[in-house]
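The structure under discussion appears below in the form of structure tokens.
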Number of protein chains: 2
Amino acid sequence: MRPMELKPIAERFVLHWGEMGSRWGVNRTVAQVHALLYLAGRPMDAEEITETLGVARSNVSTSLKELQSWSLVRVVHLKGERRDHFETSADVWELFKLIVAGRRQREIDPTATALRECLANPAIADEEAGTRQRIEDTLKFIEIMSSLADEMLRYKPETLMKTLGVSARISQAIRRKE
Amino acid sequence: MRPMELKPIAERFVLHWGEMGSRWGVNRTVAQVHALLYLAGRPMDAEEITETLGVARSNVSTSLKELQSWSLVRVVHLKGERRDHFETSADVWELFKLIVAGRRQREIDPTATALRECLANPAIADEEAGTRQRIEDTLKFIEIMSSLADEMLRYKPETLMKTLGVSARISQAIRRKE
DNA sequence: CTTTTATTTCTGTTTTTACAGAAAAGTCTG
DNA sequence: CAGACTTTTCTGTAAAAACAGAAATAAAAG
């Protein structure tokens with residue numbers, strides 16, 4: 001099969017996204033695959049992704065599985081095609097919500113659990129009062145931020161902006177583009 | 001010098017924090033050093049940190065420099081002490097704001113710049129209309145989220161909760177602890 | 001059921017990152 | 001400014017992560 005050959009702008013986007021991914025603890029290839037599907041705006045099969053990105057087929061398979069486990073990518077079947085095809089949402093806000101939900105579940109919630117266990121552990125009595133207080137503060141903070149996130153993710157970002165009274169200049173700049 | 005010997009709960013906190021750091025693209029030792037200073041609630045010198053965490057002195061030096069560059073840790077001098085001592089804020093919300101500000105500056109802003117360059121590049125004409133649209137959407141989203149973050153970081157989280165109308169149950173649960 | 005095509009898992013290699021220890025540089029004190 | 005103390009930088013090593021290619025498995029077609 002002929003590689004898709006990314007055009008220069010798309011290539012820059014995909015590479016930058018990969019770079020950002022690795023700074024946030026996401027495998028570079030995983031981020032690239034997602035960026036590619038996002039930009040392509042149509043379902044692609046694993047082989048095409050492989051050749052477009054110039055990475056190993058196995059690598060793409062693993063990345064797609066990971067993206068699916070985060071609900072960022074889903075399988076679709078095209079009529080007359082045997083291969084699985086993969087697509088992602090074109091809605092940035094929806095993608096953001098999925099990412100936040102995923103990280104919360106995989107990282108924030110376990111942290112809150114760990115802190116609760118620390119505070120429930122009898123050994124907490126051996127720690128200084130200040131230490132205990134700071135652990136409590138941290139847990140409280142995480143709980144607040146979690147419910148805040150829940151709340152925020154219900155809105156569209158524009159609504160949020162309004163609610164919080166983001167400065168008129170910025171709001172206008174954004175509205176003008178719509 | 002005698003190592004501080006972390007007590008079990010503090011140790012768990014510090015180790016968990018290090019683990020979380022690495023999942024978010026922060027060096028494990030850097031995260032551990034910060035967690036330790038936070039829990040200790042008093043200035044510590046590099047030697048004490050080294051022995052408490054059981055890592056190399058050089059490693060601590062590098063981590064402290066990094067934390068200082070993020071404004072998360074500052075040097076203080078104790079009277080009668082020659083060594084530099086290091087401390088961090090005990091205010092979780094303040095720490096969070098510093099972290100967000102840092103990541104924004106180091107990662108979000110450059111991404112927005114990159115996207116603007118993509119859109120300003122004449123080569124954008126070679127891309128499909130849909131691709132261009134999605135890059136624009138992404139940039140717009142980043143801009144919105146950035147100003148949203150600016151706005152949010154002005155408040156204390158409790159105020160935010162109220163503004164957004166977080167459910168009474170949760171608010172109460174939080175208020176009760178205060 | 002055999003062949004072809006597609007996908008996943010496994011294994012070894014490469015690359016990157018983290019790290020320790022040593023050396024160097026800097027700082028303070030008397 | 002001599003000596004001791006402190007911090008940073010440098011260099012090689014170790015650990016971890018990413019990755020490619022091969023092998024194995026699974027699915028579909030004829």
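Every chain in the structure tokens has a letter given in the order shown (A, B, ...), and although residue numbers restart at 1 in each chain, ligands are simply numbered from 1 in the order shown.
For chain A, the residues within 6 Å of chain B are Ile9, Arg23, Trp24, Gly25, Leu39, Cys118 and Thr131 of chain A, with only C-alpha atoms used to measure distance.
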Just list as a short mmCIF file (atom, residue, chain, number, x, y, z; two decimals) with N, CA, C and O atoms, in the first residue's frame whatever in chain A DSSP marks as alpha helix (DSSP H).
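states_36.cif, freshly written:
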data_model
loop_
_atom_site.label_atom_id
_atom_site.label_comp_id
_atom_site.auth_asym_id
_atom_site.auth_seq_id
_atom_site.Cartn_x
_atom_site.Cartn_y
_atom_site.Cartn_z
N PRO A 8 3.16 18.85 4.97
CA PRO A 8 4.05 19.47 5.97
C PRO A 8 3.33 19.97 7.22
O PRO A 8 3.80 19.74 8.34
N ILE A 9 2.21 20.64 7.06
CA ILE A 9 1.52 21.19 8.24
C ILE A 9 1.00 20.07 9.13
O ILE A 9 1.19 20.09 10.34
N ALA A 10 0.38 19.09 8.51
CA ALA A 10 -0.13 17.96 9.28
C ALA A 10 1.01 17.27 10.00
O ALA A 10 0.88 16.88 11.16
N GLU A 11 2.12 17.14 9.32
CA GLU A 11 3.27 16.48 9.94
C GLU A 11 3.72 17.25 11.18
O GLU A 11 3.97 16.66 12.23
N ARG A 12 3.80 18.55 11.04
CA ARG A 12 4.23 19.34 12.19
C ARG A 12 3.28 19.18 13.35
O ARG A 12 3.68 19.05 14.50
N PHE A 13 1.99 19.20 13.03
CA PHE A 13 0.96 19.03 14.07
C PHE A 13 1.14 17.70 14.80
O PHE A 13 1.21 17.66 16.03
N VAL A 14 1.27 16.65 14.01
CA VAL A 14 1.38 15.32 14.59
C VAL A 14 2.64 15.18 15.43
O VAL A 14 2.61 14.65 16.55
N LEU A 15 3.75 15.68 14.93
CA LEU A 15 5.00 15.56 15.67
C LEU A 15 4.96 16.38 16.96
O LEU A 15 5.40 15.93 18.01
N HIS A 16 4.40 17.57 16.86
CA HIS A 16 4.30 18.40 18.07
C HIS A 16 3.42 17.72 19.10
O HIS A 16 3.73 17.72 20.30
N TRP A 17 2.34 17.15 18.64
CA TRP A 17 1.43 16.47 19.56
C TRP A 17 2.13 15.32 20.26
O TRP A 17 1.96 15.10 21.46
N GLY A 18 2.91 14.58 19.50
CA GLY A 18 3.68 13.48 20.08
C GLY A 18 4.61 13.99 21.16
O GLY A 18 4.73 13.41 22.24
N GLU A 19 5.26 15.11 20.85
CA GLU A 19 6.20 15.70 21.79
C GLU A 19 5.48 16.12 23.08
O GLU A 19 5.94 15.84 24.19
N MET A 20 4.33 16.75 22.92
CA MET A 20 3.55 17.17 24.08
C MET A 20 3.12 15.97 24.91
O MET A 20 3.20 15.99 26.13
N GLY A 21 2.69 14.94 24.20
CA GLY A 21 2.29 13.72 24.89
C GLY A 21 3.38 13.25 25.84
O GLY A 21 3.12 13.01 27.02
N SER A 22 4.59 13.18 25.33
CA SER A 22 5.63 12.61 26.19
C SER A 22 5.93 13.51 27.38
O SER A 22 6.36 13.02 28.42
N ARG A 23 5.67 14.79 27.24
CA ARG A 23 5.87 15.66 28.41
C ARG A 23 4.78 15.49 29.46
O ARG A 23 4.90 15.98 30.58
N ARG A 28 4.76 8.67 23.12
CA ARG A 28 4.80 9.54 21.95
C ARG A 28 4.00 8.98 20.77
O ARG A 28 3.24 9.70 20.12
N THR A 29 4.20 7.68 20.51
CA THR A 29 3.48 7.08 19.39
C THR A 29 1.97 7.12 19.61
O THR A 29 1.20 7.40 18.68
N VAL A 30 1.55 6.86 20.83
CA VAL A 30 0.12 6.91 21.14
C VAL A 30 -0.43 8.29 20.80
O VAL A 30 -1.47 8.42 20.13
N ALA A 31 0.29 9.32 21.22
CA ALA A 31 -0.18 10.68 20.96
C ALA A 31 -0.18 10.97 19.46
O ALA A 31 -1.10 11.61 18.94
N GLN A 32 0.83 10.48 18.77
CA GLN A 32 0.90 10.71 17.33
C GLN A 32 -0.26 10.05 16.60
O GLN A 32 -0.87 10.63 15.70
N VAL A 33 -0.53 8.81 16.99
CA VAL A 33 -1.63 8.10 16.33
C VAL A 33 -2.93 8.86 16.53
O VAL A 33 -3.70 9.07 15.58
N HIS A 34 -3.12 9.34 17.74
CA HIS A 34 -4.36 10.06 17.99
C HIS A 34 -4.42 11.35 17.20
O HIS A 34 -5.44 11.69 16.59
N ALA A 35 -3.32 12.08 17.18
CA ALA A 35 -3.28 13.33 16.43
C ALA A 35 -3.57 13.08 14.95
O ALA A 35 -4.30 13.85 14.31
N LEU A 36 -3.00 12.00 14.44
CA LEU A 36 -3.22 11.69 13.02
C LEU A 36 -4.68 11.41 12.73
O LEU A 36 -5.25 11.96 11.77
N LEU A 37 -5.29 10.59 13.56
CA LEU A 37 -6.70 10.27 13.34
C LEU A 37 -7.56 11.53 13.46
O LEU A 37 -8.51 11.72 12.71
N TYR A 38 -7.19 12.38 14.40
CA TYR A 38 -7.94 13.62 14.59
C TYR A 38 -7.86 14.49 13.35
O TYR A 38 -8.86 14.97 12.82
N LEU A 39 -6.65 14.66 12.86
CA LEU A 39 -6.46 15.52 11.68
C LEU A 39 -7.06 14.92 10.43
O LEU A 39 -7.63 15.63 9.59
N ALA A 40 -6.93 13.61 10.31
CA ALA A 40 -7.43 12.96 9.09
C ALA A 40 -8.94 13.16 8.98
O ALA A 40 -9.46 13.36 7.87
N ALA A 46 -5.00 0.28 10.40
CA ALA A 46 -3.71 0.25 11.09
C ALA A 46 -2.54 0.33 10.12
O ALA A 46 -1.53 0.99 10.40
N GLU A 47 -2.70 -0.32 9.00
CA GLU A 47 -1.62 -0.34 8.01
C GLU A 47 -1.32 1.06 7.50
O GLU A 47 -0.17 1.49 7.39
N GLU A 48 -2.38 1.78 7.22
CA GLU A 48 -2.21 3.14 6.71
C GLU A 48 -1.56 4.04 7.76
O GLU A 48 -0.68 4.85 7.45
N ILE A 49 -1.99 3.88 9.00
CA ILE A 49 -1.40 4.66 10.09
C ILE A 49 0.09 4.34 10.18
O ILE A 49 0.94 5.23 10.27
N THR A 50 0.39 3.04 10.15
CA THR A 50 1.78 2.59 10.23
C THR A 50 2.64 3.29 9.19
O THR A 50 3.70 3.84 9.50
N GLU A 51 2.17 3.27 7.95
CA GLU A 51 3.00 3.81 6.87
C GLU A 51 3.05 5.33 6.88
O GLU A 51 4.06 5.92 6.53
N THR A 52 1.96 5.93 7.32
CA THR A 52 1.96 7.39 7.38
C THR A 52 2.91 7.90 8.45
O THR A 52 3.62 8.88 8.24
N LEU A 53 2.91 7.22 9.58
CA LEU A 53 3.77 7.68 10.67
C LEU A 53 5.18 7.12 10.58
O LEU A 53 6.10 7.61 11.25
N ARG A 57 4.40 -1.62 12.76
CA ARG A 57 3.01 -2.04 12.80
C ARG A 57 2.59 -2.44 14.22
O ARG A 57 1.50 -2.09 14.69
N SER A 58 3.45 -3.14 14.92
CA SER A 58 3.14 -3.61 16.27
C SER A 58 2.91 -2.43 17.21
O SER A 58 2.04 -2.46 18.09
N ASN A 59 3.70 -1.42 17.00
CA ASN A 59 3.62 -0.21 17.78
C ASN A 59 2.25 0.46 17.61
O ASN A 59 1.63 0.92 18.58
N VAL A 60 1.79 0.47 16.40
CA VAL A 60 0.48 1.07 16.10
C VAL A 60 -0.62 0.23 16.76
O VAL A 60 -1.55 0.79 17.35
N SER A 61 -0.48 -1.07 16.67
CA SER A 61 -1.49 -1.95 17.27
C SER A 61 -1.62 -1.66 18.76
O SER A 61 -2.72 -1.48 19.29
N THR A 62 -0.48 -1.59 19.44
CA THR A 62 -0.48 -1.32 20.88
C THR A 62 -1.09 0.05 21.18
O THR A 62 -1.90 0.20 22.10
N SER A 63 -0.69 1.03 20.40
CA SER A 63 -1.18 2.38 20.64
C SER A 63 -2.69 2.47 20.46
O SER A 63 -3.39 3.12 21.24
N LEU A 64 -3.17 1.80 19.42
CA LEU A 64 -4.62 1.83 19.18
C LEU A 64 -5.39 1.17 20.32
O LEU A 64 -6.43 1.66 20.74
N LYS A 65 -4.82 0.08 20.83
CA LYS A 65 -5.48 -0.57 21.95
C LYS A 65 -5.56 0.37 23.14
O LYS A 65 -6.57 0.47 23.83
N GLU A 66 -4.45 1.07 23.38
CA GLU A 66 -4.42 2.00 24.51
C GLU A 66 -5.44 3.13 24.31
O GLU A 66 -6.18 3.47 25.23
N LEU A 67 -5.47 3.67 23.11
CA LEU A 67 -6.42 4.75 22.84
C LEU A 67 -7.86 4.27 22.99
O LEU A 67 -8.72 5.01 23.45
N GLN A 68 -8.10 3.04 22.60
CA GLN A 68 -9.45 2.49 22.75
C GLN A 68 -9.80 2.31 24.22
O GLN A 68 -10.92 2.58 24.64
N SER A 69 -8.80 1.91 25.00
CA SER A 69 -9.07 1.70 26.42
C SER A 69 -9.38 3.03 27.11
O SER A 69 -9.99 3.07 28.17
N VAL A 92 -13.15 18.79 19.95
CA VAL A 92 -12.04 18.97 20.89
C VAL A 92 -12.51 18.90 22.34
O VAL A 92 -11.86 18.32 23.19
N TRP A 93 -13.65 19.50 22.60
CA TRP A 93 -14.16 19.52 23.97
C TRP A 93 -14.50 18.11 24.43
O TRP A 93 -14.20 17.71 25.55
N GLU A 94 -15.08 17.33 23.54
CA GLU A 94 -15.39 15.94 23.90
C GLU A 94 -14.10 15.16 24.18
O GLU A 94 -14.02 14.41 25.15
N LEU A 95 -13.11 15.37 23.35
CA LEU A 95 -11.84 14.69 23.56
C LEU A 95 -11.25 15.08 24.92
O LEU A 95 -10.78 14.23 25.68
N PHE A 96 -11.29 16.36 25.20
CA PHE A 96 -10.76 16.84 26.47
C PHE A 96 -11.46 16.18 27.65
O PHE A 96 -10.82 15.71 28.59
N LYS A 97 -12.77 16.09 27.56
CA LYS A 97 -13.53 15.47 28.64
C LYS A 97 -13.11 14.01 28.83
O LYS A 97 -12.95 13.55 29.96
N LEU A 98 -12.93 13.31 27.73
CA LEU A 98 -12.53 11.91 27.83
C LEU A 98 -11.15 11.79 28.48
O LEU A 98 -10.91 10.91 29.30
N ILE A 99 -10.26 12.69 28.10
CA ILE A 99 -8.91 12.63 28.65
C ILE A 99 -8.92 12.91 30.15
O ILE A 99 -8.30 12.20 30.95
N VAL A 100 -9.67 13.94 30.52
CA VAL A 100 -9.76 14.27 31.95
C VAL A 100 -10.38 13.12 32.72
O VAL A 100 -9.87 12.72 33.78
N ALA A 101 -11.46 12.56 32.19
CA ALA A 101 -12.11 11.45 32.88
C ALA A 101 -11.15 10.28 33.06
O ALA A 101 -11.08 9.67 34.13
N GLY A 102 -10.39 10.00 32.02
CA GLY A 102 -9.45 8.90 32.08
C GLY A 102 -8.36 9.12 33.11
O GLY A 102 -8.07 8.24 33.92
N ARG A 103 -7.77 10.28 33.09
CA ARG A 103 -6.67 10.55 34.02
C ARG A 103 -7.20 10.57 35.44
O ARG A 103 -6.54 10.15 36.38
N ASP A 109 -8.11 9.42 41.38
CA ASP A 109 -8.87 8.62 42.34
C ASP A 109 -7.98 7.71 43.18
O ASP A 109 -8.13 7.67 44.40
N PRO A 110 -7.03 7.00 42.55
CA PRO A 110 -6.13 6.18 43.38
C PRO A 110 -5.33 7.00 44.39
O PRO A 110 -5.07 6.54 45.49
N THR A 111 -4.98 8.24 44.00
CA THR A 111 -4.24 9.07 44.93
C THR A 111 -5.12 9.43 46.13
O THR A 111 -4.69 9.35 47.28
N ALA A 112 -6.35 9.80 45.85
CA ALA A 112 -7.26 10.11 46.94
C ALA A 112 -7.43 8.91 47.85
O ALA A 112 -7.40 9.04 49.08
N THR A 113 -7.54 7.75 47.24
CA THR A 113 -7.66 6.53 48.05
C THR A 113 -6.44 6.33 48.94
O THR A 113 -6.56 6.03 50.13
N ALA A 114 -5.27 6.53 48.35
CA ALA A 114 -4.04 6.35 49.11
C ALA A 114 -4.00 7.32 50.30
O ALA A 114 -3.62 6.94 51.41
N LEU A 115 -4.42 8.56 50.05
CA LEU A 115 -4.39 9.54 51.14
C LEU A 115 -5.38 9.16 52.24
O LEU A 115 -5.08 9.29 53.43
N ARG A 116 -6.55 8.68 51.81
CA ARG A 116 -7.52 8.26 52.82
C ARG A 116 -6.97 7.12 53.66
O ARG A 116 -7.16 7.08 54.87
N GLU A 117 -6.28 6.21 52.99
CA GLU A 117 -5.69 5.09 53.74
C GLU A 117 -4.64 5.59 54.72
O GLU A 117 -4.54 5.09 55.84
N CYS A 118 -3.85 6.58 54.28
CA CYS A 118 -2.85 7.15 55.19
C CYS A 118 -3.53 7.69 56.45
O CYS A 118 -3.08 7.45 57.57
N LEU A 119 -4.61 8.40 56.23
CA LEU A 119 -5.28 9.06 57.36
C LEU A 119 -6.02 8.05 58.24
O LEU A 119 -6.23 8.29 59.43
N ALA A 120 -6.42 6.94 57.63
CA ALA A 120 -7.15 5.92 58.39
C ALA A 120 -6.20 5.00 59.15
O ALA A 120 -6.58 4.34 60.11
N ALA A 129 1.54 16.53 64.15
CA ALA A 129 0.20 17.05 63.87
C ALA A 129 0.19 17.82 62.54
O ALA A 129 -0.75 17.69 61.75
N GLY A 130 1.23 18.59 62.32
CA GLY A 130 1.31 19.39 61.09
C GLY A 130 1.31 18.51 59.85
O GLY A 130 0.66 18.82 58.85
N THR A 131 2.01 17.43 59.94
CA THR A 131 2.08 16.50 58.81
C THR A 131 0.69 15.96 58.50
O THR A 131 0.23 15.96 57.36
N ARG A 132 0.06 15.52 59.55
CA ARG A 132 -1.30 14.99 59.38
C ARG A 132 -2.21 16.03 58.75
O ARG A 132 -2.98 15.75 57.84
N GLN A 133 -2.09 17.25 59.24
CA GLN A 133 -2.91 18.35 58.73
C GLN A 133 -2.67 18.54 57.23
O GLN A 133 -3.59 18.71 56.45
N ARG A 134 -1.42 18.48 56.83
CA ARG A 134 -1.11 18.72 55.42
C ARG A 134 -1.63 17.59 54.53
O ARG A 134 -2.07 17.83 53.40
N ILE A 135 -1.58 16.38 55.05
CA ILE A 135 -2.16 15.27 54.28
C ILE A 135 -3.67 15.49 54.13
O ILE A 135 -4.23 15.32 53.05
N GLU A 136 -4.30 15.90 55.21
CA GLU A 136 -5.73 16.19 55.14
C GLU A 136 -6.03 17.29 54.13
O GLU A 136 -6.96 17.20 53.34
N ASP A 137 -5.22 18.34 54.18
CA ASP A 137 -5.41 19.45 53.24
C ASP A 137 -5.31 18.97 51.80
O ASP A 137 -6.08 19.37 50.93
N THR A 138 -4.34 18.10 51.58
CA THR A 138 -4.11 17.61 50.23
C THR A 138 -5.32 16.80 49.76
O THR A 138 -5.79 16.98 48.63
N LEU A 139 -5.79 15.94 50.64
CA LEU A 139 -6.96 15.13 50.28
C LEU A 139 -8.16 16.02 50.00
O LEU A 139 -8.86 15.85 49.00
N LYS A 140 -8.36 17.00 50.87
CA LYS A 140 -9.50 17.89 50.68
C LYS A 140 -9.39 18.61 49.33
O LYS A 140 -10.38 18.72 48.59
N PHE A 141 -8.19 19.05 49.04
CA PHE A 141 -7.96 19.74 47.76
C PHE A 141 -8.32 18.84 46.58
O PHE A 141 -9.01 19.26 45.64
N ILE A 142 -7.86 17.62 46.65
CA ILE A 142 -8.15 16.69 45.55
C ILE A 142 -9.65 16.46 45.41
O ILE A 142 -10.19 16.43 44.31
N GLU A 143 -10.30 16.33 46.55
CA GLU A 143 -11.76 16.11 46.50
C GLU A 143 -12.47 17.32 45.89
O GLU A 143 -13.37 17.16 45.06
N ILE A 144 -12.05 18.50 46.32
CA ILE A 144 -12.67 19.70 45.76
C ILE A 144 -12.44 19.78 44.26
O ILE A 144 -13.35 20.00 43.47
N MET A 145 -11.20 19.59 43.84
CA MET A 145 -10.89 19.70 42.43
C MET A 145 -11.63 18.64 41.62
O MET A 145 -12.04 18.90 40.49
N SER A 146 -11.81 17.47 42.20
CA SER A 146 -12.53 16.42 41.47
C SER A 146 -13.98 16.82 41.24
O SER A 146 -14.49 16.69 40.12
N SER A 147 -14.62 17.32 42.27
CA SER A 147 -16.03 17.66 42.06
C SER A 147 -16.14 18.90 41.19
O SER A 147 -17.07 19.03 40.40
N LEU A 148 -15.15 19.77 41.30
CA LEU A 148 -15.11 20.93 40.43
C LEU A 148 -15.01 20.48 38.97
O LEU A 148 -15.71 20.98 38.09
N ALA A 149 -14.15 19.52 38.73
CA ALA A 149 -13.98 19.00 37.38
C ALA A 149 -15.28 18.38 36.88
O ALA A 149 -15.72 18.64 35.76
N ASP A 150 -15.92 17.60 37.74
CA ASP A 150 -17.20 17.01 37.37
C ASP A 150 -18.16 18.09 36.90
O ASP A 150 -18.83 17.97 35.88
N GLU A 151 -18.21 19.14 37.70
CA GLU A 151 -19.15 20.21 37.42
C GLU A 151 -18.80 20.90 36.09
O GLU A 151 -19.65 21.11 35.23
N MET A 152 -17.54 21.21 35.95
CA MET A 152 -17.10 21.94 34.76
C MET A 152 -17.33 21.16 33.48
O MET A 152 -17.68 21.73 32.44
N PRO A 157 -17.23 24.88 27.16
CA PRO A 157 -16.27 25.85 27.70
C PRO A 157 -16.77 27.29 27.57
O PRO A 157 -16.49 28.12 28.43
N GLU A 158 -17.50 27.58 26.53
CA GLU A 158 -17.99 28.95 26.35
C GLU A 158 -18.91 29.34 27.51
O GLU A 158 -18.86 30.46 28.01
N THR A 159 -19.75 28.40 27.92
CA THR A 159 -20.65 28.66 29.03
C THR A 159 -19.85 28.94 30.30
O THR A 159 -20.14 29.86 31.06
N LEU A 160 -18.85 28.12 30.48
CA LEU A 160 -17.98 28.29 31.64
C LEU A 160 -17.39 29.69 31.68
O LEU A 160 -17.37 30.35 32.71
N MET A 161 -16.90 30.10 30.53
CA MET A 161 -16.29 31.43 30.43
C MET A 161 -17.27 32.50 30.89
O MET A 161 -16.92 33.38 31.67
N LYS A 162 -18.47 32.36 30.43
CA LYS A 162 -19.47 33.36 30.79
C LYS A 162 -19.72 33.34 32.30
O LYS A 162 -19.70 34.35 32.97
N THR A 163 -19.95 32.14 32.80
CA THR A 163 -20.22 31.99 34.23
C THR A 163 -19.13 32.63 35.07
O THR A 163 -19.38 33.27 36.09
N LEU A 164 -17.92 32.43 34.64
CA LEU A 164 -16.80 32.94 35.43
C LEU A 164 -16.45 34.38 35.06
O LEU A 164 -15.58 34.98 35.67
N ALA A 168 -14.16 40.59 28.71
CA ALA A 168 -14.89 40.82 27.47
C ALA A 168 -13.99 40.75 26.24
O ALA A 168 -14.37 40.21 25.21
N ARG A 169 -12.79 41.27 26.40
CA ARG A 169 -11.88 41.30 25.26
C ARG A 169 -11.66 39.89 24.71
O ARG A 169 -11.77 39.65 23.52
N ILE A 170 -11.36 39.00 25.61
CA ILE A 170 -11.06 37.64 25.17
C ILE A 170 -12.31 36.97 24.64
O ILE A 170 -12.30 36.35 23.59
N SER A 171 -13.40 37.09 25.37
CA SER A 171 -14.64 36.47 24.92
C SER A 171 -14.97 36.92 23.51
O SER A 171 -15.34 36.12 22.65
N GLN A 172 -14.82 38.20 23.28
CA GLN A 172 -15.15 38.74 21.97
C GLN A 172 -14.23 38.17 20.90
O GLN A 172 -14.68 37.77 19.83
N ALA A 173 -12.96 38.13 21.23
CA ALA A 173 -12.00 37.61 20.27
C ALA A 173 -12.39 36.20 19.86
O ALA A 173 -12.30 35.82 18.70
N ILE A 174 -12.88 35.46 20.83
CA ILE A 174 -13.26 34.08 20.53
C ILE A 174 -14.56 34.06 19.72
O ILE A 174 -14.67 33.36 18.74
N ARG A 175 -15.51 34.87 20.16
CA ARG A 175 -16.80 34.85 19.50
C ARG A 175 -16.68 35.26 18.03
O ARG A 175 -17.37 34.77 17.17
N ARG A 176 -15.74 36.15 17.79
CA ARG A 176 -15.59 36.67 16.43
C ARG A 176 -15.23 35.55 15.44
O ARG A 176 -15.59 35.58 14.29
N LYS A 177 -14.50 34.56 15.98
CA LYS A 177 -14.06 33.49 15.08
C LYS A 177 -15.16 32.50 14.75
O LYS A 177 -15.03 31.68 13.86
#
Exercise for review: Up to 12 Å from chain B, what residues of chain C turn up? Count only C-alpha atoms (C1' of nucleotides) and give them as a ChimeraX atom specification.
Suggested key: /C:17-22,27-29
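Residues of chain D having any atom within 8 Å of chain B, counting only C-alpha atoms (C1' of nucleotides), are D:DT6, D:DT7, D:DT8.
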Any chance you could export the current selection's N, CA and C atoms (P, O5', C5', C4', C3', O3' and C1' of nucleotides) as a JSON list (two decimals), in the first residue's frame?
[["chain", "number", "residue", "atom", "x", "y", "z"],
["D", 6, "DT", "P", 29.00, 22.36, 55.87],
["D", 6, "DT", "O5'", 28.58, 22.71, 54.39],
["D", 6, "DT", "C5'", 28.47, 24.08, 54.00],
["D", 6, "DT", "C4'", 28.26, 24.16, 52.50],
["D", 6, "DT", "C3'", 27.20, 23.21, 51.95],
["D", 6, "DT", "O3'", 26.09, 24.02, 51.57],
["D", 6, "DT", "C1'", 29.12, 23.33, 50.54],
["D", 7, "DT", "P", 24.82, 23.42, 50.87],
["D", 7, "DT", "O5'", 25.24, 23.54, 49.34],
["D", 7, "DT", "C5'", 25.51, 24.82, 48.78],
["D", 7, "DT", "C4'", 25.94, 24.66, 47.35],
["D", 7, "DT", "C3'", 24.93, 23.92, 46.46],
["D", 7, "DT", "O3'", 24.57, 24.81, 45.42],
["D", 7, "DT", "C1'", 27.14, 23.11, 46.11],
["D", 8, "DT", "P", 23.50, 24.37, 44.34],
["D", 8, "DT", "O5'", 24.46, 23.99, 43.13],
["D", 8, "DT", "C5'", 25.36, 24.98, 42.65],
["D", 8, "DT", "C4'", 26.25, 24.36, 41.60],
["D", 8, "DT", "C3'", 25.51, 23.73, 40.42],
["D", 8, "DT", "O3'", 26.00, 24.36, 39.26],
["D", 8, "DT", "C1'", 27.16, 22.25, 41.24]]
